[in-house]
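This is input_35.cif (mmCIF, C-alpha atoms).
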```cif
data_start
loop_
_atom_site.label_atom_id
_atom_site.label_comp_id
_atom_site.auth_asym_id
_atom_site.auth_seq_id
_atom_site.Cartn_x
_atom_site.Cartn_y
_atom_site.Cartn_z
CA MET A 1437 -62.60 -5.02 -71.94
CA THR A 1438 -60.27 -5.76 -74.72
CA THR A 1439 -57.91 -8.65 -74.75
CA PRO A 1440 -54.37 -7.92 -75.62
CA SER A 1441 -52.98 -9.24 -78.78
CA THR A 1442 -50.94 -12.37 -78.76
CA PRO A 1443 -47.57 -10.74 -79.63
CA ALA A 1444 -48.00 -8.19 -76.79
CA LEU A 1445 -48.98 -10.96 -74.42
CA GLU A 1446 -46.03 -13.05 -75.46
CA GLU A 1447 -43.73 -10.07 -74.91
CA ARG A 1448 -45.11 -9.52 -71.43
CA VAL A 1449 -44.70 -13.21 -70.59
CA ALA A 1450 -41.11 -13.12 -71.88
CA ILE A 1451 -40.35 -10.13 -69.68
CA LEU A 1452 -41.83 -11.89 -66.67
CA GLU A 1453 -39.87 -15.06 -67.45
CA THR A 1454 -36.66 -13.02 -67.64
CA ARG A 1455 -37.41 -11.46 -64.31
CA LEU A 1456 -38.23 -14.83 -62.79
CA ASP A 1457 -35.04 -16.35 -64.23
CA ALA A 1458 -33.08 -13.52 -62.61
CA ILE A 1459 -34.84 -13.77 -59.24
CA LEU A 1460 -35.18 -17.55 -58.83
CA PRO A 1461 -31.45 -18.29 -58.40
CA THR A 1462 -31.30 -15.73 -55.57
CA LEU A 1463 -34.17 -17.25 -53.59
CA ALA A 1464 -33.33 -19.57 -50.70
CA THR A 1465 -34.29 -23.19 -50.96
CA LYS A 1466 -35.64 -25.29 -48.12
CA THR A 1467 -32.16 -26.75 -47.80
CA ASP A 1468 -30.66 -23.26 -47.56
CA ILE A 1469 -33.15 -22.31 -44.87
CA ALA A 1470 -32.45 -25.57 -42.99
CA GLU A 1471 -28.70 -24.82 -43.13
CA VAL A 1472 -29.26 -21.28 -41.82
CA ARG A 1473 -31.44 -22.64 -39.01
CA THR A 1474 -28.71 -25.13 -38.15
CA GLU A 1475 -26.11 -22.33 -38.10
CA ILE A 1476 -28.40 -20.18 -35.93
CA ALA A 1477 -28.80 -23.08 -33.50
CA GLU A 1478 -25.02 -23.53 -33.41
CA VAL A 1479 -24.52 -19.80 -32.76
CA ARG A 1480 -27.12 -19.94 -29.97
CA THR A 1481 -25.26 -22.90 -28.46
CA ASP A 1482 -21.97 -21.00 -28.74
CA ILE A 1483 -23.55 -17.94 -27.09
CA ALA A 1484 -24.92 -20.11 -24.26
CA GLU A 1485 -21.45 -21.62 -23.76
CA VAL A 1486 -19.88 -18.15 -23.71
CA LYS A 1487 -22.46 -17.00 -21.14
CA THR A 1488 -21.63 -20.06 -19.02
CA ASP A 1489 -17.91 -19.32 -19.36
CA ILE A 1490 -18.50 -15.69 -18.35
CA VAL A 1491 -20.45 -16.75 -15.26
CA ARG A 1492 -17.69 -19.23 -14.36
CA LEU A 1493 -15.01 -16.56 -14.88
CA GLU A 1494 -16.95 -14.07 -12.78
CA GLY A 1495 -17.05 -16.64 -9.99
CA LYS A 1496 -13.31 -17.25 -10.30
CA MET A 1497 -12.64 -13.51 -10.35
CA ASP A 1498 -14.77 -13.00 -7.24
CA ALA A 1499 -12.89 -15.79 -5.47
CA MET A 1500 -9.54 -14.32 -6.54
CA ASN A 1501 -10.66 -10.89 -5.37
CA GLU A 1502 -11.60 -12.27 -1.96
CA ARG A 1503 -8.23 -14.07 -1.68
CA LEU A 1504 -6.37 -10.92 -2.70
CA GLU A 1505 -8.30 -8.81 -0.22
CA GLY A 1506 -7.50 -11.34 2.49
CA LYS A 1507 -3.82 -11.31 1.58
CA MET A 1508 -3.79 -7.53 1.46
CA ASP A 1509 -5.48 -7.32 4.87
CA ALA A 1510 -2.93 -9.75 6.32
CA MET A 1511 -0.06 -7.82 4.74
CA ASN A 1512 -1.48 -4.57 6.07
CA GLU A 1513 -1.65 -6.02 9.59
CA ARG A 1514 1.96 -7.27 9.34
CA LEU A 1515 3.14 -3.89 8.10
CA GLU A 1516 1.27 -2.07 10.86
CA GLY A 1517 2.83 -4.43 13.41
CA LYS A 1518 6.31 -3.81 12.00
CA MET A 1519 5.71 -0.06 11.92
CA ASP A 1520 4.49 -0.11 15.53
CA ALA A 1521 7.57 -2.09 16.57
CA MET A 1522 9.85 0.31 14.70
CA ASN A 1523 8.07 3.25 16.31
CA GLU A 1524 8.58 1.76 19.78
CA ARG A 1525 12.30 1.15 19.09
CA LEU A 1526 12.69 4.66 17.72
CA GLU A 1527 10.94 6.18 20.72
CA GLY A 1528 13.17 4.12 23.03
CA LYS A 1529 16.30 5.29 21.25
CA MET A 1530 15.08 8.89 21.26
CA ASP A 1531 14.31 8.68 24.99
CA ALA A 1532 17.79 7.28 25.67
CA MET A 1533 19.37 10.00 23.55
CA ASN A 1534 17.29 12.63 25.32
CA GLU A 1535 18.46 11.35 28.71
CA ARG A 1536 22.12 11.40 27.57
CA LEU A 1537 21.72 14.93 26.21
CA GLU A 1538 20.01 16.11 29.39
CA GLY A 1539 22.89 14.60 31.41
CA LYS A 1540 25.47 16.33 29.24
CA ILE A 1541 23.58 19.63 29.39
CA GLU A 1542 23.33 19.36 33.18
CA ALA A 1543 27.05 18.59 33.47
CA MET A 1544 27.90 21.49 31.18
CA SER A 1545 25.62 23.78 33.21
CA GLU A 1546 27.34 22.74 36.42
CA ARG A 1547 30.81 23.32 34.91
CA LEU A 1548 29.71 26.67 33.51
CA GLU A 1549 28.20 27.67 36.83
CA GLY A 1550 31.44 26.68 38.56
CA LYS A 1551 33.47 28.79 36.13
CA ILE A 1552 31.08 31.73 36.55
CA ASN A 1553 31.38 31.41 40.34
CA SER A 1554 35.17 31.25 40.00
CA VAL A 1555 35.21 34.38 37.81
CA ASN A 1556 32.85 36.13 40.25
CA ALA A 1557 35.13 35.23 43.17
CA ARG A 1558 38.17 36.59 41.30
CA VAL A 1559 36.26 39.77 40.40
CA ASP A 1560 35.17 40.15 44.06
CA ALA A 1561 38.77 39.60 45.21
CA MET A 1562 40.05 42.17 42.73
CA GLY A 1563 37.33 44.59 43.86
CA ASN A 1564 38.34 44.07 47.50
CA ARG A 1565 42.03 44.65 46.66
CA LEU A 1566 41.07 47.81 44.74
CA LEU A 1567 39.01 49.02 47.71
CA ILE A 1568 41.93 48.39 50.06
CA ARG A 1569 44.30 50.26 47.75
CA LEU A 1570 41.77 53.07 47.33
CA GLY A 1571 41.43 53.18 51.11
CA SER A 1572 45.25 53.32 51.43
CA MET A 1573 45.39 56.00 48.77
CA ALA A 1574 42.65 57.98 50.50
CA VAL A 1575 44.59 57.82 53.77
CA ALA A 1576 47.76 58.89 51.91
CA VAL A 1577 45.89 61.74 50.17
CA ALA A 1578 44.42 62.81 53.54
CA ALA A 1579 47.89 62.70 55.09
CA ILE A 1580 49.26 64.73 52.21
CA ALA A 1581 46.39 67.19 52.56
CA VAL A 1582 47.07 67.53 56.30
CA ALA A 1583 50.79 67.99 55.63
CA ALA A 1584 50.10 70.49 52.87
CA ALA A 1585 47.68 72.34 55.12
CA LYS A 1586 50.44 72.68 57.68
CA TYR A 1587 52.74 74.24 55.14
CA LEU A 1588 50.23 76.50 53.59
#
```

What does the file become when written as structure tokens?
Amino acid sequence: MTTPSTPALEERVAILETRLDAILPTLATKTDIAEVRTEIAEVRTDIAEVKTDIVRLEGKMDAMNERLEGKMDAMNERLEGKMDAMNERLEGKMDAMNERLEGKIEAMSERLEGKINSVNARVDAMGNRLLIRLGSMAVAVAAIAVAAAKYL
């Protein structure tokens, strides 16, 4: 094995020193690492607080949901009660209107039947008068036929 010459060795050492000088300022110190650990601990604490807040908010939201459902159920029952009452009033009014209409229809039917009976009576009377006249005319025609038969 040959040993490198001193100038080559010095050049290699210089290159390594340059690299080290460039790298060393970028390396974290114990203080830097301690600060990062402190920040990580703070972030963990913040995350734990947020989780606690979320759990608390979920509880509040569940409670609000239950209250809202209760209020909605109560409102639904009130509305159904009002609708039932309105339905009963409407049915009552419709029944009363139906009775009035049936009464009016019955009265109109009776008046119409009376008028029809009156017209029928007048038609029957006219028919009877026509039959009497036809009977008189038949007697007159028969008399004329007898008289004409005497002359013929």

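When CA of Leu1570 in chain A is paired with CA of Asn1556 in chain A, their separation reads 20.4 Å.
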
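Relative to CA of Asp1560 in chain A, CA of Ile1580 in chain A is found at 29.5 Å.
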
For CA of Arg1503 in chain A and CA of Lys1487 in chain A, the interatomic separation in Å (one decimal): 24.3 Å
